[in-house]
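For reference, structure.tsv (TSV, C-alpha atoms):
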chain	number	residue	atom	x	y	z
A	1	MET	CA	143.09	101.03	188.38
A	2	CYS	CA	145.10	99.23	185.70
A	3	ARG	CA	144.21	96.52	183.23
A	4	MET	CA	146.06	93.22	183.55
A	5	GLY	CA	145.33	89.73	182.30
A	6	GLY	CA	141.91	90.66	180.86
A	7	SER	CA	140.64	92.22	184.10
A	8	VAL	CA	140.75	95.56	185.86
A	9	GLN	CA	142.79	95.74	189.05
A	10	LEU	CA	140.71	97.00	191.96
A	11	ALA	CA	143.13	96.58	194.87
A	12	ARG	CA	145.84	94.47	196.47
A	13	ILE	CA	145.14	92.68	199.74
A	14	PHE	CA	147.94	90.79	201.52
A	15	GLY	CA	149.91	91.21	198.31
A	16	ILE	CA	147.20	89.43	196.27
A	17	ARG	CA	145.89	91.23	193.20
A	18	ILE	CA	142.11	91.74	193.29
A	19	GLY	CA	140.69	92.22	189.82
A	20	ALA	CA	137.36	92.34	188.01
A	21	SER	CA	136.49	91.19	184.51
A	22	PRO	CA	134.29	93.37	182.28
A	23	SER	CA	131.39	90.97	182.87
A	24	TRP	CA	131.47	91.82	186.59
A	25	PHE	CA	130.52	95.43	185.88
A	26	VAL	CA	127.42	94.20	184.04
A	27	VAL	CA	126.40	92.18	187.10
A	28	LEU	CA	127.21	95.14	189.35
A	29	PHE	CA	124.74	97.46	187.60
A	30	LEU	CA	122.08	94.77	187.20
A	31	MET	CA	122.25	93.96	190.90
A	32	ILE	CA	121.97	97.62	191.89
A	33	TYR	CA	118.95	97.96	189.61
A	34	TYR	CA	117.30	94.83	191.05
A	35	LEU	CA	118.00	95.75	194.68
A	36	SER	CA	116.71	99.28	194.21
A	37	GLY	CA	113.27	97.88	193.48
A	38	LEU	CA	113.56	95.26	196.24
A	39	PHE	CA	114.47	97.77	198.96
A	40	ASP	CA	111.90	100.25	197.67
A	41	ASP	CA	109.25	97.63	198.47
A	42	LEU	CA	110.91	96.42	201.68
A	43	LEU	CA	111.65	99.77	203.32
A	44	VAL	CA	108.16	101.08	203.91
A	45	GLY	CA	108.05	104.82	204.55
A	46	TYR	CA	111.47	105.60	203.08
A	47	SER	CA	112.26	107.47	199.87
A	48	ASN	CA	113.46	106.04	196.58
A	49	THR	CA	116.81	107.74	197.20
A	50	THR	CA	117.24	105.82	200.45
A	51	ALA	CA	116.35	102.56	198.71
A	52	TYR	CA	118.89	103.28	195.97
A	53	GLY	CA	121.61	104.09	198.52
A	54	ILE	CA	120.97	100.83	200.39
A	55	ALA	CA	120.97	98.96	197.06
A	56	VAL	CA	124.42	100.34	196.20
A	57	ALA	CA	125.73	99.56	199.69
A	58	GLY	CA	124.25	96.05	199.62
A	59	THR	CA	125.75	95.30	196.21
A	60	LEU	CA	129.21	96.48	197.23
A	61	LEU	CA	129.08	94.61	200.55
A	62	PHE	CA	128.00	91.45	198.74
A	63	PHE	CA	131.04	91.61	196.49
A	64	VAL	CA	133.22	92.36	199.50
A	65	SER	CA	131.88	89.16	201.05
A	66	LEU	CA	132.76	87.29	197.85
A	67	ILE	CA	136.30	88.65	198.01
A	68	LEU	CA	136.53	87.55	201.64
A	69	HIS	CA	135.32	84.09	200.56
A	70	GLU	CA	138.07	83.87	197.93
A	71	LEU	CA	140.65	85.26	200.36
A	72	GLY	CA	139.77	82.34	202.63
A	73	HIS	CA	140.78	79.96	199.84
A	74	ALA	CA	143.86	82.02	198.99
A	75	LEU	CA	145.28	82.43	202.48
A	76	VAL	CA	144.83	78.76	203.35
A	77	ALA	CA	146.48	77.87	200.03
A	78	ARG	CA	149.44	80.05	201.00
A	79	ARG	CA	149.71	78.35	204.38
A	80	ASN	CA	149.92	75.07	202.51
A	81	GLY	CA	152.76	76.27	200.28
A	82	ILE	CA	150.69	77.09	197.19
A	83	GLY	CA	151.06	80.49	195.57
A	84	VAL	CA	148.13	82.73	194.65
A	85	ALA	CA	148.28	84.54	191.31
A	86	SER	CA	145.17	86.68	191.76
A	87	ILE	CA	141.52	86.87	192.78
A	88	ASP	CA	139.10	87.92	190.06
A	89	LEU	CA	135.45	88.91	190.23
A	90	TRP	CA	133.42	87.97	187.19
A	91	PHE	CA	129.92	87.20	185.92
A	92	PHE	CA	129.24	84.26	188.26
A	93	GLY	CA	131.10	85.41	191.37
A	94	GLY	CA	134.76	85.19	192.36
A	95	LEU	CA	137.74	83.01	191.50
A	96	ALA	CA	141.04	82.56	193.34
A	97	LYS	CA	143.73	81.56	190.83
A	98	LEU	CA	146.33	79.29	192.44
A	99	THR	CA	149.75	78.67	190.91
A	100	ARG	CA	149.35	74.90	191.18
A	101	GLU	CA	146.94	72.18	192.26
A	102	PRO	CA	147.04	70.80	195.83
A	103	ALA	CA	149.51	67.95	196.28
A	104	THR	CA	147.53	66.01	198.91
A	105	PRO	CA	143.84	65.39	199.68
A	106	GLY	CA	144.33	67.18	203.00
A	107	GLN	CA	145.51	70.34	201.23
A	108	ASP	CA	142.64	70.07	198.76
A	109	PHE	CA	140.08	69.72	201.56
A	110	ARG	CA	141.44	72.60	203.65
A	111	ILE	CA	141.61	75.00	200.71
A	112	ALA	CA	138.12	74.06	199.45
A	113	ALA	CA	136.52	74.32	202.91
A	114	ALA	CA	138.11	77.68	203.77
A	115	GLY	CA	135.86	79.74	201.48
A	116	PRO	CA	132.53	78.38	202.79
A	117	ALA	CA	133.86	78.78	206.34
A	118	VAL	CA	134.37	82.51	205.71
A	119	THR	CA	130.90	82.82	204.15
A	120	LEU	CA	129.40	81.06	207.17
A	121	LEU	CA	131.20	83.54	209.43
A	122	VAL	CA	129.78	86.50	207.44
A	123	PHE	CA	126.28	85.01	207.76
A	124	VAL	CA	126.67	84.52	211.53
A	125	LEU	CA	127.94	88.08	211.96
A	126	CYS	CA	124.96	89.44	210.03
A	127	CYS	CA	122.55	87.48	212.23
A	128	ALA	CA	124.36	88.67	215.36
A	129	ALA	CA	124.16	92.27	214.14
A	130	LEU	CA	120.41	91.87	213.57
A	131	LEU	CA	120.00	90.69	217.16
A	132	VAL	CA	122.03	93.65	218.42
A	133	ALA	CA	119.73	95.91	216.35
A	134	ASN	CA	116.78	94.48	218.35
A	135	GLU	CA	115.38	92.58	215.36
A	136	GLN	CA	113.29	89.89	217.00
A	137	ASP	CA	112.44	87.84	213.91
A	138	VAL	CA	115.88	87.12	212.43
A	139	VAL	CA	114.56	84.30	210.24
A	140	GLY	CA	111.82	86.52	208.88
A	141	ALA	CA	114.34	89.29	208.29
A	142	ILE	CA	116.85	87.26	206.27
A	143	THR	CA	114.04	85.70	204.21
A	144	LEU	CA	112.80	89.26	203.48
A	145	GLU	CA	109.36	88.61	204.94
A	146	VAL	CA	109.60	91.71	207.14
A	147	ASP	CA	108.50	94.86	205.30
A	148	ARG	CA	108.88	97.36	208.13
A	149	SER	CA	112.64	97.18	208.57
A	150	SER	CA	114.88	100.19	209.00
A	151	PRO	CA	117.50	100.72	206.25
A	152	ALA	CA	120.26	99.23	208.41
A	153	VAL	CA	118.21	96.16	209.32
A	154	GLY	CA	117.11	95.72	205.71
A	155	LEU	CA	120.73	95.85	204.55
A	156	LEU	CA	121.93	93.37	207.17
A	157	ALA	CA	119.00	91.05	206.48
A	158	TRP	CA	119.61	90.95	202.74
A	159	LEU	CA	123.38	90.53	203.16
A	160	GLY	CA	122.88	87.68	205.61
A	161	GLY	CA	120.32	86.01	203.37
A	162	ILE	CA	122.38	86.22	200.18
A	163	ASN	CA	125.44	84.84	201.96
A	164	LEU	CA	123.33	81.93	203.21
A	165	VAL	CA	122.30	81.26	199.60
A	166	VAL	CA	125.94	81.41	198.47
A	167	LEU	CA	126.95	79.06	201.30
A	168	VAL	CA	124.29	76.44	200.53
A	169	PHE	CA	124.87	76.62	196.77
A	170	ASN	CA	128.66	76.37	197.14
A	171	LEU	CA	128.40	73.30	199.35
A	172	VAL	CA	126.54	71.28	196.70
A	173	PRO	CA	128.91	68.33	196.05
A	174	ALA	CA	129.36	69.17	192.36
A	175	PHE	CA	132.67	70.17	190.81
A	176	PRO	CA	133.83	72.95	190.36
A	177	LEU	CA	131.82	74.27	193.34
A	178	ASP	CA	133.55	74.18	196.72
A	179	GLY	CA	131.36	71.26	197.77
A	180	GLY	CA	132.55	69.39	194.69
A	181	ARG	CA	136.16	70.08	195.57
A	182	ILE	CA	135.51	68.82	199.09
A	183	ALA	CA	133.94	65.68	197.57
A	184	ARG	CA	137.01	65.30	195.35
A	185	ALA	CA	139.32	65.53	198.34
A	186	LEU	CA	137.34	62.86	200.21
A	187	ALA	CA	137.25	60.55	197.17
A	188	TRP	CA	140.98	61.16	196.68
A	189	LYS	CA	141.60	60.21	200.32
A	190	VAL	CA	139.54	57.01	200.01
A	191	THR	CA	140.88	55.84	196.64
A	192	GLY	CA	144.39	57.26	196.85
A	193	ASP	CA	143.98	58.54	193.28
A	194	PRO	CA	143.42	62.27	192.64
A	195	ASN	CA	142.26	61.59	189.09
A	196	ARG	CA	139.50	59.24	190.23
A	197	GLY	CA	138.49	61.81	192.83
A	198	THR	CA	138.32	64.50	190.15
A	199	ARG	CA	136.21	62.39	187.81
A	200	PHE	CA	133.84	61.43	190.64
A	201	SER	CA	133.14	65.03	191.63
A	202	ALA	CA	133.11	66.22	188.00
A	203	ARG	CA	130.42	63.69	187.07
A	204	LEU	CA	128.35	65.03	189.97
A	205	GLY	CA	129.04	68.51	188.64
A	206	GLN	CA	127.79	67.61	185.18
A	207	ALA	CA	124.60	66.12	186.62
A	208	PHE	CA	123.97	69.20	188.75
A	209	ALA	CA	124.62	71.44	185.73
A	210	TYR	CA	121.95	69.65	183.73
A	211	VAL	CA	119.53	70.07	186.65
A	212	LEU	CA	120.23	73.82	186.68
A	213	MET	CA	119.71	74.13	182.94
A	214	GLY	CA	116.46	72.17	183.21
A	215	ALA	CA	115.29	74.47	186.00
A	216	GLY	CA	116.25	77.46	183.88
A	217	ALA	CA	114.21	76.18	180.95
A	218	TYR	CA	111.24	75.65	183.28
A	219	LEU	CA	111.52	79.23	184.56
A	220	VAL	CA	111.62	80.57	181.00
A	221	ILE	CA	108.44	78.63	180.16
A	222	ARG	CA	106.79	80.04	183.31
A	223	GLY	CA	107.60	83.58	182.18
A	224	ASP	CA	110.68	84.31	184.32
A	225	GLY	CA	113.03	84.96	181.40
A	226	PHE	CA	115.77	86.71	183.38
A	227	GLY	CA	116.03	84.07	186.11
A	228	GLY	CA	115.71	81.24	183.62
A	229	ILE	CA	118.47	82.50	181.35
A	230	TRP	CA	120.69	83.05	184.40
A	231	PHE	CA	120.20	79.42	185.50
A	232	ILE	CA	120.85	78.14	181.98
A	233	LEU	CA	124.08	80.14	181.66
A	234	LEU	CA	125.25	79.06	185.11
A	235	GLY	CA	124.48	75.43	184.33
A	236	TRP	CA	126.31	75.65	181.01
A	237	PHE	CA	129.39	77.11	182.72
A	238	LEU	CA	129.39	74.40	185.39
A	239	ALA	CA	128.98	71.68	182.74
A	240	GLN	CA	131.93	73.01	180.74
A	241	ALA	CA	134.13	73.30	183.84
A	242	ALA	CA	133.24	69.76	184.95
A	243	ARG	CA	133.92	68.38	181.47
A	244	GLY	CA	137.29	70.15	181.45
A	245	ALA	CA	138.14	68.54	184.78
A	246	VAL	CA	137.38	65.08	183.38
A	247	VAL	CA	139.60	65.72	180.34
A	248	SER	CA	142.37	67.08	182.56
A	249	SER	CA	142.24	63.99	184.78
A	250	ARG	CA	142.71	61.76	181.72
A	251	PHE	CA	145.75	63.80	180.70
A	252	SER	CA	147.13	63.39	184.21
A	253	GLU	CA	146.73	59.60	184.03
A	254	ARG	CA	148.65	59.47	180.76
A	255	LEU	CA	151.43	61.52	182.35
A	256	GLU	CA	151.61	59.44	185.53
A	257	GLY	CA	155.22	58.75	186.47
A	258	VAL	CA	156.67	61.55	184.33
A	259	THR	CA	158.53	64.09	186.47
A	260	VAL	CA	160.06	67.49	185.89
A	261	GLY	CA	163.49	65.85	185.91
A	262	ASP	CA	162.49	63.76	182.88
A	263	VAL	CA	161.80	66.74	180.61
A	264	MET	CA	163.94	69.61	181.97
A	265	ASP	CA	167.11	71.07	180.48
A	266	ALA	CA	169.66	69.59	182.90
A	267	GLU	CA	172.47	71.95	181.83
A	268	PRO	CA	170.97	75.45	181.97
A	269	ILE	CA	173.15	78.48	181.30
A	270	ALA	CA	173.32	80.54	184.50
A	271	VAL	CA	174.89	83.91	185.29
A	272	PRO	CA	177.05	84.16	188.47
A	273	VAL	CA	175.59	86.78	190.79
A	274	GLU	CA	178.82	88.81	190.96
A	275	THR	CA	178.96	89.24	187.16
A	276	THR	CA	178.77	92.87	186.04
A	277	VAL	CA	175.94	93.92	183.77
A	278	LEU	CA	178.43	94.78	181.03
A	279	ALA	CA	179.98	91.31	181.21
A	280	ALA	CA	176.51	89.74	181.29
A	281	GLN	CA	175.58	91.68	178.17
A	282	ASP	CA	178.74	90.63	176.29
A	283	GLU	CA	179.12	87.05	177.50
A	284	PHE	CA	175.50	85.95	177.79
A	285	PHE	CA	172.85	88.09	176.11
A	286	LEU	CA	174.85	88.86	172.96
A	287	ARG	CA	176.06	85.27	172.69
A	288	TYR	CA	172.81	83.40	173.35
A	289	ALA	CA	169.35	84.13	171.97
A	290	SER	CA	167.56	84.48	175.30
A	291	ALA	CA	165.66	87.31	176.94
A	292	TRP	CA	166.58	86.16	180.47
A	293	PHE	CA	168.94	83.93	182.44
A	294	PRO	CA	168.86	82.40	185.92
A	295	VAL	CA	171.35	83.88	188.39
A	296	VAL	CA	173.25	81.71	190.90
A	297	ASP	CA	175.66	82.33	193.77
A	298	GLY	CA	179.08	80.75	194.26
A	299	LEU	CA	177.53	77.51	195.50
A	300	GLY	CA	175.20	77.23	192.52
A	301	ARG	CA	172.10	78.23	194.50
A	302	PHE	CA	169.35	79.97	192.57
A	303	ILE	CA	169.22	83.70	193.36
A	304	GLY	CA	166.82	85.08	190.78
A	305	ILE	CA	166.23	85.99	187.14
A	306	VAL	CA	168.04	88.71	185.19
A	307	ARG	CA	166.41	90.06	182.04
A	308	LYS	CA	168.00	91.56	178.94
A	309	ASP	CA	166.01	94.79	179.29
A	310	ALA	CA	167.33	95.34	182.82
A	311	VAL	CA	170.94	94.68	181.78
A	312	ASP	CA	170.72	96.91	178.70
A	313	GLY	CA	169.05	99.63	180.76
A	314	ALA	CA	171.81	99.60	183.38
A	315	VAL	CA	174.53	99.79	180.70
A	316	ASP	CA	172.75	102.62	178.86
A	317	ASP	CA	172.35	104.51	182.15
A	318	GLY	CA	176.12	104.53	182.64
A	319	ARG	CA	176.25	101.81	185.32
A	320	PRO	CA	178.15	99.02	183.54
A	321	ALA	CA	180.07	97.95	186.65
A	322	ILE	CA	177.14	97.05	188.89
A	323	ALA	CA	176.48	93.37	189.51
A	324	VAL	CA	173.53	91.56	187.96
A	325	GLY	CA	172.36	90.87	191.50
A	326	GLU	CA	171.25	94.51	191.63
A	327	VAL	CA	168.96	94.30	188.58
A	328	LEU	CA	167.15	91.02	189.22
A	329	ASP	CA	163.54	90.66	188.13
A	330	PRO	CA	161.44	91.36	191.27
A	331	ASP	CA	158.50	89.32	189.90
A	332	ALA	CA	160.49	86.07	189.63
A	333	ASP	CA	159.75	84.85	193.16
A	334	THR	CA	159.73	81.42	194.79
A	335	ASP	CA	156.61	80.45	192.82
A	336	SER	CA	158.97	79.92	189.87
A	337	LEU	CA	160.83	77.10	191.67
A	338	VAL	CA	160.03	73.39	191.43
A	339	ALA	CA	161.77	70.22	192.57
A	340	ARG	CA	163.22	67.65	190.19
A	341	GLU	CA	160.82	64.96	191.42
A	342	THR	CA	157.67	67.11	190.90
A	343	PRO	CA	155.13	65.24	188.72
A	344	ILE	CA	154.80	66.96	185.36
A	345	GLU	CA	151.00	66.91	185.75
A	346	GLN	CA	151.29	69.44	188.58
A	347	LEU	CA	152.58	71.98	186.07
A	348	LEU	CA	149.62	71.72	183.70
A	349	GLY	CA	147.68	74.47	185.48
A	350	SER	CA	150.66	76.51	186.66
A	351	GLU	CA	149.90	80.22	186.39
A	352	THR	CA	153.61	81.01	186.81
A	353	LEU	CA	154.59	78.69	183.95
A	354	ARG	CA	151.97	80.23	181.69
A	355	ARG	CA	152.99	83.79	182.55
A	356	PHE	CA	156.78	83.40	182.70
A	357	GLY	CA	157.25	80.54	180.23
A	358	ALA	CA	159.67	78.56	182.40
A	359	LEU	CA	160.28	77.29	185.92
A	360	MET	CA	163.58	76.83	187.71
A	361	VAL	CA	164.34	73.32	188.98
A	362	VAL	CA	166.23	73.27	192.29
A	363	ASP	CA	167.37	70.65	194.79
A	364	ALA	CA	166.83	70.61	198.55
A	365	GLU	CA	169.65	73.16	199.03
A	366	GLN	CA	168.15	75.51	196.42
A	367	ARG	CA	170.95	74.71	193.96
A	368	LEU	CA	169.89	75.19	190.36
A	369	CYS	CA	169.84	71.82	188.61
A	370	GLY	CA	167.70	72.54	185.56
A	371	VAL	CA	165.09	74.64	183.77
A	372	VAL	CA	161.74	73.37	182.50
A	373	THR	CA	159.96	75.45	179.86
A	374	LEU	CA	156.39	75.63	178.66
A	375	ASP	CA	157.45	74.10	175.32
A	376	GLN	CA	158.98	71.11	177.12
A	377	VAL	CA	155.76	70.54	179.05
A	378	ARG	CA	153.77	70.77	175.81
A	379	ARG	CA	156.03	68.22	174.13
A	380	ALA	CA	155.65	65.85	177.10
A	381	LEU	CA	151.88	66.19	176.87
A	382	ALA	CA	151.93	65.64	173.10
A	383	ALA	CA	153.99	62.48	173.57
A	384	ALA	CA	151.56	61.15	176.18
A	385	VAL	CA	148.38	62.06	174.30
A	386	PRO	CA	148.65	61.45	170.53
A	387	GLY	CA	146.78	63.81	168.23
A	388	PRO	CA	145.71	67.44	168.70
A	389	ILE	CA	145.93	68.68	172.29
A	390	VAL	CA	144.77	71.68	174.27
A	391	ASP	CA	147.33	74.14	175.62
A	392	PRO	CA	148.16	72.73	179.10
A	393	THR	CA	148.03	76.16	180.72
Just dump the structure as structure tokens.
Amino acid sequence: MCRMGGSVQLARIFGIRIGASPSWFVVLFLMIYYLSGLFDDLLVGYSNTTAYGIAVAGTLLFFVSLILHELGHALVARRNGIGVASIDLWFFGGLAKLTREPATPGQDFRIAAAGPAVTLLVFVLCCAALLVANEQDVVGAITLEVDRSSPAVGLLAWLGGINLVVLVFNLVPAFPLDGGRIARALAWKVTGDPNRGTRFSARLGQAFAYVLMGAGAYLVIRGDGFGGIWFILLGWFLAQAARGAVVSSRFSERLEGVTVGDVMDAEPIAVPVETTVLAAQDEFFLRYASAWFPVVDGLGRFIGIVRKDAVDGAVDDGRPAIAVGEVLDPDADTDSLVARETPIEQLLGSETLRRFGALMVVDAEQRLCGVVTLDQVRRALAAAVPGPIVDPT
């Protein structure tokens, strides 16, 4: 495991980094503690050790189901041409980080609906497994009304029930929940304006957040401090996310009509792919104050990024005659490419722009025609929105 971007890497699935924030480990241990008591009561006639083992298995399987939910979003996003930076588990569940926002309401709808579809499939499979295990009262099992279950049936019942809760909660039409994103896509389709769709679903999200916080306060008054605080924290998070979406939509309106071509550097310095690393060091890195340069072929098509560290390393290793094409940055993939006509607002949430600091602008034939940097995007935002602004990434 390695730490990256404030989270601990757990695995890579389909090339997507799966990570967990420190807050997730708190939830992990709390859930194991809670489920140990639950299964101790549910599994009549079994030892505390058995209940603890099922609690650990149930907790891990629940988080696996959350990862599958986020993979549903991520894989559909990929099929629609949107990159996936990572999937992170944290205090309130999981989050798939996309490199950009959907460009059409259809993309938005498909990506938002994919996660709940996976959760529904997990729920159906759990119910089917209960039937195979000869559990006659499936409804009673998943609502935990059956106290004579075997460990396997108890585990399947709880996993099916919790996924049903996740499914229903996620489908509430309140941004940033999946149901809210679906509502945004539908409003976007009807109005033709993604910003109006965002504000519509975000207002619903704010209202739902206040309902959750009110319910949390009620639970605290009734003596359920743990559940009440959880609801209050969840409501506060949803309210902040919805408010951020409203602010972001207003930024997008101010930037309407501004494209990447309007703010990019239209004459970027590029290194020909056949250039040796020694020549690149002398003619580019020692002459210009830059840590990297785009690399192009003979037709001007973008090939990749070469970094100063890679060039200096090759020269120091006694390989000055190799071409820069052999030391390209492997992390600078197609997610770093944008078209000239791309609206600047689509870059505001770009994970690649935040991480790399720049995007390459190419035409239909992949010829490099410019470079747009994070500073240029910030200046465009500052010009559109007078006064102090929030970092667009």
Please write out, as AutoDock Vina command-line options, where the centre of an axis-aligned box around all listed atoms of region 244-248 of chain A lies and how long its edges are, in Å to one decimal, after adding 4 Å on each side.
--center_x 139.8 --center_y 67.6 --center_z 182.6 --size_x 13.1 --size_y 13.1 --size_z 12.4
Determine, for each residue of region 335-371 of chain A having at least one atom at most 6 Å from an atom of region 252-258 of chain A, the closest pair of atoms and their separation in Å to one decimal, counting only C-alpha atoms; order by chain and ascending number, as JSON lines.
{"residue": "A:Pro343", "atom": "CA", "partner": "A:Val258", "partner_atom": "CA", "distance": 5.9}
{"residue": "A:Ile344", "atom": "CA", "partner": "A:Val258", "partner_atom": "CA", "distance": 5.8}
{"residue": "A:Glu345", "atom": "CA", "partner": "A:Ser252", "partner_atom": "CA", "distance": 5.5}
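If only C-alpha atoms are the atoms counted, then among A:Ile182, A:Val220, A:Ala310, A:Ala174 the closest residue to Ala241 (chain A) is A:Ala174.
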Can you write out as a Markdown table which residues of region 149-189 of chain A fall within 12 Å of region 58-73 of chain A, alongside each residue's closest atom pair and its distance in Å to one decimal, counting only C-alpha atoms and ordering rows by chain and ascending residue number?
| residue | atom | partner | partner_atom | distance |
| --- | --- | --- | --- | --- |
| A:Pro151 | CA | A:Gly58 | CA | 10.6 |
| A:Ala152 | CA | A:Gly58 | CA | 10.2 |
| A:Val153 | CA | A:Gly58 | CA | 11.4 |
| A:Gly154 | CA | A:Gly58 | CA | 9.4 |
| A:Leu155 | CA | A:Gly58 | CA | 6.1 |
| A:Leu156 | CA | A:Gly58 | CA | 8.3 |
| A:Ala157 | CA | A:Gly58 | CA | 10.0 |
| A:Trp158 | CA | A:Gly58 | CA | 7.6 |
| A:Leu159 | CA | A:Phe62 | CA | 6.5 |
| A:Gly160 | CA | A:Phe62 | CA | 9.4 |
| A:Gly161 | CA | A:Phe62 | CA | 10.5 |
| A:Ile162 | CA | A:Phe62 | CA | 7.8 |
| A:Asn163 | CA | A:Phe62 | CA | 7.8 |
| A:Leu164 | CA | A:Ser65 | CA | 11.4 |
| A:Val165 | CA | A:Phe62 | CA | 11.7 |
| A:Val166 | CA | A:Leu66 | CA | 9.0 |
| A:Leu167 | CA | A:His69 | CA | 9.8 |
| A:Asn170 | CA | A:His69 | CA | 10.8 |
| A:Asp178 | CA | A:His73 | CA | 9.8 |
| A:Arg181 | CA | A:His73 | CA | 11.7 |
Requested in this report: Rank A:Thr198, A:Thr119, A:Asn134, A:Ser150 by their smallest atom-to-atom distance to Thr50 (chain A), using all atoms listed in the file, and report the top residue only.
Outcome: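 Ranked by minimum distance to Thr50 (chain A), first place goes to A:Ser150.
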Query - Exercise: Val295 (chain A) partners within 12 Å, all atoms listed in the file, chain neighbours under 6 positions left out, as a PyMOL selection string - result: chain A and resi 268-277+280+284+301-307+323-329+332+360+367-368
Report task. Compile the contact shell of region 373-376 of chain A as a PyMOL selection string: residues with an atom at most 7 Å away, counting all atoms listed in the file, same-chain residues fewer than 3 positions apart removed. Result -> chain A and resi 263+353+357-359+379-380
Query raised in the report: Do you have the CA of Val315 (chain A)-CA of Glu267 (chain A) distance handy?
Result: 27.9 Å
Report task. Measure the distance from CA of Ala202 (chain A) to CA of Ala183 (chain A) in Å and round it to one decimal. Result ->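 Between these atoms lies a distance of 9.6 Å.
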**Report entry** Pick from A:Ile232, A:Val84, A:Val338, A:Ala382 nearest to Phe14 (chain A), counting only C-alpha atoms
**Finding:**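 Smallest separation from Phe14 (chain A) among the options: A:Val84.
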Report task. Would you list the contacts of region 19-36 of chain A as an MDAnalysis selection string, taking every protein, DNA or RNA residue within 12 Å and counting only C-alpha atoms, but skipping same-chain residues closer than 6 positions in sequence? Result -> chainID A and resid 1:13 42:43 47:63 66:67 70 85:97 154:155 158:159 162 226:227 230
Report summary line: Correct to one decimal, the distance CA of Tyr210 (chain A)-CA of Val190 (chain A) is 27.1 Å
